[in-house]
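S.K.: Quick one: the structure is below, questions incoming.
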Amino acid sequence: MNEEIKILYLDDEVNNLVAFKAYFRLDYQIFVAENTNEALKILEEHPDLRIIFTDQRMPDKLGTDFLDEIRVIYPLPVRILLTAYTDDLNTAIDAINKGNVYRYVKKPWSVEAISAVITDANRYYLTNSLLSVKNRELEQAYNELDKFAHSVSHDIRGPLAGIMAAAQLAQDISDLSEIGELLQIIVNSAEKLDRYILTIHDYYSVRRGEFNIMDIDLNTLADDLRVMYEAIANAKGIRFTITINNSDVFRSDEVSVKLVLNNLLSNAFKYQKKDYNYKYVHLEMGVERGVATFVVKDSGIGIPEKYLGEIFKLFFRATLLEAGSGLGLYNVKNILTKLGGQIIVNSVENVGTEFVVTIPTK
Amino acid sequence: MKYPFIVIDDSPIDCLIVKKVIGFSGKSSDVKVFNDATLALQYIESNEESLSASISFITLDIMMPIMNGFEFLDKFIDLPKSIQERYKIIILSLSNNEHTIKRLQKYKVIEAIVEKPITMDKFAAVIGKFQE
């Protein structure tokens, strides 16, 4: 039975309802209603109904009137009219032309006629719903493009403006130590710009990327990460530890997993409390029953509760510390969605933050 | 004539630049830097500045997280007139797009809009105009 194809049949004659259900319940999910109220209840419970068959002559309402009404609230289901009376023909044609009805079927209906209509109607439904999905994707794409245009203006021109301003100032003054400071500003701005461009590159590769699934050994991963963060951990007086729980087989795209971990870890190192003596970043990894779990915990500034739902949004920044671009966590969320994984965040302001990532093995 | 300055910008690099420009101009008696616009507002509300000078300048960045330039301006115009009158607001904006400019023109409290990057010349022009 194709459970995805849900069909509603509305008719005041119960025998017809019984027959319809009997013939088609093995192939599709069939719902029957004796009157328009019952039909409305079913529509409300199953907004993914694909096809509605309705009788024309019913005591409480005409079929065409019913379809005319529901068309506004439930525009997606394909509407089919059934009638035995030739008098109804004009009404039926009218309704078809108005777009309220897709097809009309003569009563008494045959199984073959109904089956043919179901096939056509289902195809029509799929075409339309695909269109609305594509529309939504397009809207989202435009939305992101807007945000990008905004971000480029601010986050690329910003550092550039800093470089230009510092350079021009340096030309106008002769004090060497001041010039030295200005040169440092130029270096910092250039580095900031470079980091931002790299994050955009990540965003792009996540969107476009194809995955390269391979065995990932957690121990090797841990060694790589230790080497990577050793210098910064020492420089900033942050204790960095990694623990590995059972290490079952884990297959995934290594580049993506590293991107996720690097984003979370660099955030953990970045947003530490300034004058704290027990700064730490802890990474816990493990694979159990086909699911890899990564926990990144820090003793940092934390995230205010009101922002916990927003931090994964594009270009959102919860803090003034301008180290962030607002792209990192968005990239992380994107990658995890593509990999079928999840991420949850727990945080207490001024105490610390914990990100828990789960990725199923491929 | 020297004036106190309040710099409001989320980017420490930009703050540093503005501070330098203000310093080199020789027109400032004091510079206070705020990365957080909400803290700047609190300081202005406390009216401490009135003890030392009659007019103060504010340089205000537009694009800042948490509270941006527009949000600051909306809160600023709610302050008592006696406090508002003491301040001349210079907008430092990265973008010169019409939409932003139009939006800014609605705020009468703005003395001037300067496009980043700020240079000694641009700065001198604004102060010069004010002093006329």
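In the structure tokens, chains take the letters A, B, ... in the order shown, each chain's residues start at 1, and ligands count up from 1 in the order shown.
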Would you please give, as a ChimeraX atom specification, all residues of region 19-50 of chain A that DSSP assigns to strand (DSSP E) based on the backbone?
M.R.: /A:28-33
S.K.: I need the residues from that last selection saved to file as a PDB file, in the first residue's frame (with C-alpha atoms), if you can.
M.R.:
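again14.pdb, freshly written:
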ATOM      1  CA  TYR A  28      -3.843   3.740  -0.879  1.00  0.00           C
ATOM      2  CA  GLN A  29      -4.729   5.260   2.465  1.00  0.00           C
ATOM      3  CA  ILE A  30      -8.471   5.841   2.213  1.00  0.00           C
ATOM      4  CA  PHE A  31     -10.572   8.122   4.405  1.00  0.00           C
ATOM      5  CA  VAL A  32     -14.354   8.291   4.059  1.00  0.00           C
ATOM      6  CA  ALA A  33     -16.870  10.910   5.174  1.00  0.00           C
TER       7      ALA A  33
END
S.K.: Run DSSP on the backbone and tell me which residues of region 88-220 of chain A come out as helix (DSSP H, G or I); list them as a VMD selection string.
M.R.: chain A and resid 88 to 98 111 to 155 157 to 172 176 to 208 218 to 220
S.K.: Under the rule that only C-alpha atoms are counted, which of B:Pro65, B:Asp74, B:Phe123, B:Gly26 is the nearest residue to Gly326 (chain A)?
M.R.: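 Of B:Pro65, B:Asp74, B:Phe123, B:Gly26, the one nearest Gly326 (chain A), counting only C-alpha atoms, is B:Pro65.
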S.K.: So how many Å separate CA of Lys61 (chain A) and CA of Arg25 (chain A), to one decimal?
M.R.: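 Between these atoms lies a distance of 26.4 Å.
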S.K.: Can you build me a table of chain A residues sitting at most 9 Å from chain B, with the closest atom pair per residue and its distance in Å to one decimal, using only C-alpha atoms, sorted by chain and residue number, as a Markdown table?
M.R.:
| residue | atom | partner | partner_atom | distance |
| --- | --- | --- | --- | --- |
| A:Ser153 | CA | B:Ser95 | CA | 7.2 |
| A:His154 | CA | B:Leu94 | CA | 6.8 |
| A:Arg157 | CA | B:Leu94 | CA | 7.2 |
| A:Gly158 | CA | B:Leu94 | CA | 7.0 |
| A:Pro159 | CA | B:Ile13 | CA | 8.2 |
| A:Leu160 | CA | B:Pro117 | CA | 8.4 |
| A:Ala161 | CA | B:Pro117 | CA | 4.7 |
| A:Gly162 | CA | B:Asp14 | CA | 6.2 |
| A:Ile163 | CA | B:Pro117 | CA | 8.6 |
| A:Met164 | CA | B:Pro117 | CA | 6.7 |
| A:Ala165 | CA | B:Pro117 | CA | 5.3 |
| A:Ala166 | CA | B:Ile17 | CA | 6.6 |
| A:Gln168 | CA | B:Thr119 | CA | 7.2 |
| A:Leu169 | CA | B:Thr119 | CA | 7.2 |
| A:Asp172 | CA | B:Met120 | CA | 8.8 |
| A:Ile173 | CA | B:Phe24 | CA | 8.6 |
| A:Leu182 | CA | B:Ile17 | CA | 8.2 |
| A:Ile185 | CA | B:Ile13 | CA | 6.6 |
| A:Asn188 | CA | B:Ile13 | CA | 8.0 |
| A:Ser189 | CA | B:Ile13 | CA | 7.4 |
| A:Phe316 | CA | B:Pro65 | CA | 8.3 |
| A:Arg317 | CA | B:Pro65 | CA | 6.4 |
| A:Ala318 | CA | B:Ile66 | CA | 7.0 |
| A:Thr319 | CA | B:Pro65 | CA | 7.1 |
| A:Leu320 | CA | B:Asp10 | CA | 6.1 |
| A:Leu321 | CA | B:Asp10 | CA | 7.8 |
| A:Glu322 | CA | B:Ser11 | CA | 6.2 |
S.K.: How would the residues just chosen look if you wrote them out with N, CA and C atoms as a PDB file, in the first residue's frame?
M.R.:
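What follows is the written file out-v8.pdb:
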ATOM      1  N   SER A 153      29.502  43.760   3.028  1.00  0.00           N
ATOM      2  CA  SER A 153      29.722  45.192   3.169  1.00  0.00           C
ATOM      3  C   SER A 153      30.359  45.510   4.508  1.00  0.00           C
ATOM      4  N   HIS A 154      29.889  44.876   5.533  1.00  0.00           N
ATOM      5  CA  HIS A 154      30.400  45.213   6.854  1.00  0.00           C
ATOM      6  C   HIS A 154      31.695  44.500   7.177  1.00  0.00           C
ATOM      7  N   ARG A 157      34.581  45.261   4.154  1.00  0.00           N
ATOM      8  CA  ARG A 157      34.954  46.679   4.094  1.00  0.00           C
ATOM      9  C   ARG A 157      35.464  47.172   5.430  1.00  0.00           C
ATOM     10  N   GLY A 158      34.948  46.580   6.499  1.00  0.00           N
ATOM     11  CA  GLY A 158      35.373  47.010   7.830  1.00  0.00           C
ATOM     12  C   GLY A 158      36.880  46.962   8.002  1.00  0.00           C
ATOM     13  N   PRO A 159      37.450  45.754   7.950  1.00  0.00           N
ATOM     14  CA  PRO A 159      38.900  45.649   8.084  1.00  0.00           C
ATOM     15  C   PRO A 159      39.638  46.472   7.020  1.00  0.00           C
ATOM     16  N   LEU A 160      39.112  46.517   5.800  1.00  0.00           N
ATOM     17  CA  LEU A 160      39.765  47.304   4.752  1.00  0.00           C
ATOM     18  C   LEU A 160      39.800  48.769   5.121  1.00  0.00           C
ATOM     19  N   ALA A 161      38.684  49.251   5.638  1.00  0.00           N
ATOM     20  CA  ALA A 161      38.634  50.651   6.055  1.00  0.00           C
ATOM     21  C   ALA A 161      39.655  50.905   7.149  1.00  0.00           C
ATOM     22  N   GLY A 162      39.799  49.920   8.052  1.00  0.00           N
ATOM     23  CA  GLY A 162      40.787  50.051   9.113  1.00  0.00           C
ATOM     24  C   GLY A 162      42.192  50.168   8.546  1.00  0.00           C
ATOM     25  N   ILE A 163      42.468  49.312   7.551  1.00  0.00           N
ATOM     26  CA  ILE A 163      43.799  49.333   6.934  1.00  0.00           C
ATOM     27  C   ILE A 163      44.048  50.672   6.261  1.00  0.00           C
ATOM     28  N   MET A 164      43.059  51.141   5.509  1.00  0.00           N
ATOM     29  CA  MET A 164      43.237  52.422   4.806  1.00  0.00           C
ATOM     30  C   MET A 164      43.434  53.567   5.782  1.00  0.00           C
ATOM     31  N   ALA A 165      42.591  53.584   6.808  1.00  0.00           N
ATOM     32  CA  ALA A 165      42.671  54.677   7.776  1.00  0.00           C
ATOM     33  C   ALA A 165      44.035  54.681   8.451  1.00  0.00           C
ATOM     34  N   ALA A 166      44.479  53.497   8.892  1.00  0.00           N
ATOM     35  CA  ALA A 166      45.767  53.416   9.584  1.00  0.00           C
ATOM     36  C   ALA A 166      46.904  53.832   8.664  1.00  0.00           C
ATOM     37  N   GLN A 168      46.784  55.848   6.053  1.00  0.00           N
ATOM     38  CA  GLN A 168      46.770  57.294   5.800  1.00  0.00           C
ATOM     39  C   GLN A 168      47.279  58.075   6.993  1.00  0.00           C
ATOM     40  N   LEU A 169      46.880  57.627   8.171  1.00  0.00           N
ATOM     41  CA  LEU A 169      47.357  58.288   9.381  1.00  0.00           C
ATOM     42  C   LEU A 169      48.870  58.198   9.466  1.00  0.00           C
ATOM     43  N   ASP A 172      50.810  60.712   7.696  1.00  0.00           N
ATOM     44  CA  ASP A 172      50.728  62.098   8.163  1.00  0.00           C
ATOM     45  C   ASP A 172      51.528  62.376   9.418  1.00  0.00           C
ATOM     46  N   ILE A 173      51.993  61.333  10.090  1.00  0.00           N
ATOM     47  CA  ILE A 173      52.705  61.596  11.346  1.00  0.00           C
ATOM     48  C   ILE A 173      54.126  61.087  11.285  1.00  0.00           C
ATOM     49  N   LEU A 182      50.207  51.890  14.422  1.00  0.00           N
ATOM     50  CA  LEU A 182      49.335  51.894  13.252  1.00  0.00           C
ATOM     51  C   LEU A 182      49.619  50.680  12.360  1.00  0.00           C
ATOM     52  N   ILE A 185      47.888  47.779  13.698  1.00  0.00           N
ATOM     53  CA  ILE A 185      46.465  47.815  13.350  1.00  0.00           C
ATOM     54  C   ILE A 185      46.265  47.246  11.949  1.00  0.00           C
ATOM     55  N   ASN A 188      46.590  43.453  12.095  1.00  0.00           N
ATOM     56  CA  ASN A 188      45.403  42.831  12.711  1.00  0.00           C
ATOM     57  C   ASN A 188      44.210  42.838  11.778  1.00  0.00           C
ATOM     58  N   SER A 189      44.018  43.962  11.112  1.00  0.00           N
ATOM     59  CA  SER A 189      42.874  44.059  10.198  1.00  0.00           C
ATOM     60  C   SER A 189      43.012  43.072   9.053  1.00  0.00           C
ATOM     61  N   PHE A 316      24.386  35.639  12.975  1.00  0.00           N
ATOM     62  CA  PHE A 316      23.988  36.080  14.297  1.00  0.00           C
ATOM     63  C   PHE A 316      25.196  36.125  15.217  1.00  0.00           C
ATOM     64  N   ARG A 317      25.341  37.217  15.950  1.00  0.00           N
ATOM     65  CA  ARG A 317      26.411  37.289  16.946  1.00  0.00           C
ATOM     66  C   ARG A 317      25.811  37.641  18.283  1.00  0.00           C
ATOM     67  N   ALA A 318      26.123  36.819  19.288  1.00  0.00           N
ATOM     68  CA  ALA A 318      25.532  37.035  20.603  1.00  0.00           C
ATOM     69  C   ALA A 318      26.406  37.902  21.485  1.00  0.00           C
ATOM     70  N   THR A 319      27.620  38.222  21.005  1.00  0.00           N
ATOM     71  CA  THR A 319      28.509  38.968  21.870  1.00  0.00           C
ATOM     72  C   THR A 319      29.204  40.066  21.097  1.00  0.00           C
ATOM     73  N   LEU A 320      29.660  41.065  21.822  1.00  0.00           N
ATOM     74  CA  LEU A 320      30.361  42.166  21.176  1.00  0.00           C
ATOM     75  C   LEU A 320      31.794  41.808  20.845  1.00  0.00           C
ATOM     76  N   LEU A 321      32.315  40.754  21.471  1.00  0.00           N
ATOM     77  CA  LEU A 321      33.686  40.370  21.180  1.00  0.00           C
ATOM     78  C   LEU A 321      33.752  40.114  19.692  1.00  0.00           C
ATOM     79  N   GLU A 322      34.437  41.014  18.962  1.00  0.00           N
ATOM     80  CA  GLU A 322      34.253  40.953  17.526  1.00  0.00           C
ATOM     81  C   GLU A 322      35.052  39.854  16.864  1.00  0.00           C
TER      82      GLU A 322
END
S.K.: I want to know what sits within 12 Å of Glu85 (chain B), based on only C-alpha atoms, with residues of the same chain fewer than 6 positions away left out; could you give that as a PyMOL selection string?
M.R.: chain B and resi 44+47+50+54-57+76-77+79+108-111
S.K.: As an exercise, work out the distance from CA of Ala19 (chain A) to CA of Thr86 (chain A) in Å and give it to one decimal place.
M.R.: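 Calculated distance between CA of Ala19 (chain A) and CA of Thr86 (chain A) is 22.8 Å.
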S.K.: Would you pick out the contacts of Thr361 (chain A) at 12 Å or less, using only C-alpha atoms, so that residues sharing its chain but fewer than 6 positions from it are not included, and give the list as a ChimeraX atom specification?
M.R.: /A:213-216,248-254,257,286-293,339-341
S.K.: Excluding Leu104 (chain B) and its own-chain neighbours fewer than 4 positions away, which residues fall within 10 Å of it when counting only C-alpha atoms? Please give them as a list in words.
M.R.: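 What passes the distance filter is Ile62, Gly69, Phe70, Leu73, Ile91, Glu98, His99, Thr100, Lys108, Val109, Ile110, Ala112 and Ile113 of chain B.
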S.K.: May I have the residues within 9 Å of Pro77 (chain A) as a PyMOL selection string, using only C-alpha atoms and disregarding those fewer than 6 positions away in the same chain?
M.R.: chain A and resi 7+47-52+71+125
S.K.: Would you mind reading off the distance between CA of Tyr271 (chain A) and CA of Thr199 (chain A), one decimal, in Å?
M.R.: 17.6 Å
S.K.: Between A:Phe24, A:Ile118, A:Ile200, A:Ile238, which is the closest to Phe148 (chain A) once you count only C-alpha atoms?
M.R.: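 Checking each candidate against Phe148 (chain A), we get A:Ile200 as the closest.
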S.K.: Return the single residue from A:Val351, A:Leu126, A:Ala95, A:Ile156 that is closest to Lys192 (chain A), with distances computed using only C-alpha atoms.
M.R.: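 The closest residue to Lys192 (chain A) is A:Ile156.
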S.K.: For each of B:Val7, B:Ser82, B:Lys88, B:Glu45, take the minimum atom-to-atom distance to Val31 (chain B), counting only C-alpha atoms, then give the residue where this is smallest.
M.R.: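 Result for the nearest residue to Val31 (chain B): B:Val7.
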S.K.: Show me, as number ranges by chain, the residues that have an atom within 12 Å of Thr127 (chain A) when counting only C-alpha atoms, minus same-chain residues fewer than 5 positions from it.
M.R.: A: 50, 76-78, 120-122, 132-134
S.K.: Print the selection's residues with C-alpha atoms to a file, as a CSV table (one decimal), in the first residue's frame.
M.R.:
chain,number,residue,atom,x,y,z
A,50,ARG,CA,-3.6,14.4,-1.9
A,76,LEU,CA,-3.1,21.5,-2.1
A,77,PRO,CA,-5.4,18.4,-2.4
A,78,VAL,CA,-6.6,17.7,-6.0
A,120,ASP,CA,-3.3,11.5,-13.0
A,121,ALA,CA,-4.4,13.4,-9.9
A,122,ASN,CA,-1.5,12.2,-7.9
A,132,SER,CA,5.9,25.2,-3.8
A,133,VAL,CA,9.0,23.4,-2.3
A,134,LYS,CA,11.2,25.0,-4.9
S.K.: Give the answer as one residue: which of A:Gly237, A:Gly328, A:Pro360, A:Gly352 has the shortest atom-to-atom distance to Gly302 (chain A), using only C-alpha atoms?
M.R.: A:Gly352
S.K.: Give the answer as one residue: which of A:Ile232, A:Ile186, A:Ile197, A:Val255 has the shortest atom-to-atom distance to Asn212 (chain A), using only C-alpha atoms?
M.R.: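 Answer, going by the shortest atom-to-atom distance: A:Val255.
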